[in-house]
Amino acid sequence: SRTEAARLVLGGVAPVPYRARAAEDALIGAKISDEVIRQAAALAVAGATPLSQNGYKVPLAEVLIRRALGSLAGVGEAVA
């Protein structure tokens with residue numbers, strides 16, 4: 001089945017919760033797979049500009065997004 005709606009909001013990565021609309025758009029209408037999850041996670045952090053002491057948050061956020069989406073969809077690394 002295809003994704004009808006998606007909301008992806010990140011906390012702790014910006015001064016206020018950040019809605020990753022490009023990632024949401026990638027999910028809507030898609031059949032969730034490892035590839036769709038990877039694409040959405042990459043879009044969620046695209047253009048992120050971390051401060052000098054927290055650059056680790058960008059790849060960390062991407063991995064956590066992949067795990068959360070995989071867990072919700074029952075696919076990917078969250079299922080292993």
# chains A, B, ... in the order shown; residues from 1 in each chain; ligands from 1
call {"tool": "residues_around", "arguments": {"residues": "Leu64 of chain A", "least_positions_apart": "2", "cutoff": "12 Å", "atoms": "only C-alpha atoms", "output": "ChimeraX atom specification"}}
result
/A:8,10-11,37-38,40-42,44-45,57-62,66-71,77-78
call {"tool": "residues_around", "arguments": {"residues": "Ala22 of chain A", "least_positions_apart": "3", "cutoff": "7 Å", "atoms": "only C-alpha atoms", "output": "ChimeraX atom specification"}}
result
/A:25-26,43-44
call {"tool": "residues_around", "arguments": {"residues": "Lys31 of chain A", "least_positions_apart": "3", "cutoff": "9 Å", "atoms": "only C-alpha atoms", "output": "list in words"}}
result
Ser1, Arg2, Thr3, Leu27, Ile28 and Val36 of chain A
call {"tool": "select_by_dssp", "arguments": {"residues": "chain A", "states": "helix (DSSP H, G or I)", "output": "JSON, numbers by chain"}}
result
{"A": [21, 22, 23, 24, 25, 26, 27, 34, 35, 36, 37, 38, 39, 40, 41, 42, 43, 44, 45, 57, 58, 59, 60, 61, 62, 63, 64, 65, 66, 67, 68, 69, 70, 71, 72, 73, 76, 77, 78]}
call {"tool": "select_by_dssp", "arguments": {"residues": "chain A", "states": "strand (DSSP E)", "output": "PyMOL selection string"}}
result
chain A and resi 9-10+18-19
call {"tool": "closest_residue", "arguments": {"among": "A:Ala14, A:Leu72, A:Ser33, A:Ala20", "to": "Leu51 of chain A", "atoms": "only C-alpha atoms"}}
result
A:Ala14
call {"tool": "atom_distance", "arguments": {"atom1": "atom CA of Pro15 of chain A", "atom2": "atom CA of Ile65 of chain A"}}
result
18.8 Å
call {"tool": "residues_around", "arguments": {"residues": "Val9 of chain A", "least_positions_apart": "4", "cutoff": "9 Å", "atoms": "only C-alpha atoms", "output": "JSON, numbers by chain"}}
result
{"A": [17, 18, 19, 20, 21]}
call {"tool": "atom_distance", "arguments": {"atom1": "atom CA of Val63 of chain A", "atom2": "atom CA of Arg7 of chain A"}}
result
17.3 Å
call {"tool": "atom_distance", "arguments": {"atom1": "atom CA of Ala48 of chain A", "atom2": "atom CA of Ala73 of chain A"}}
result
25.5 Å
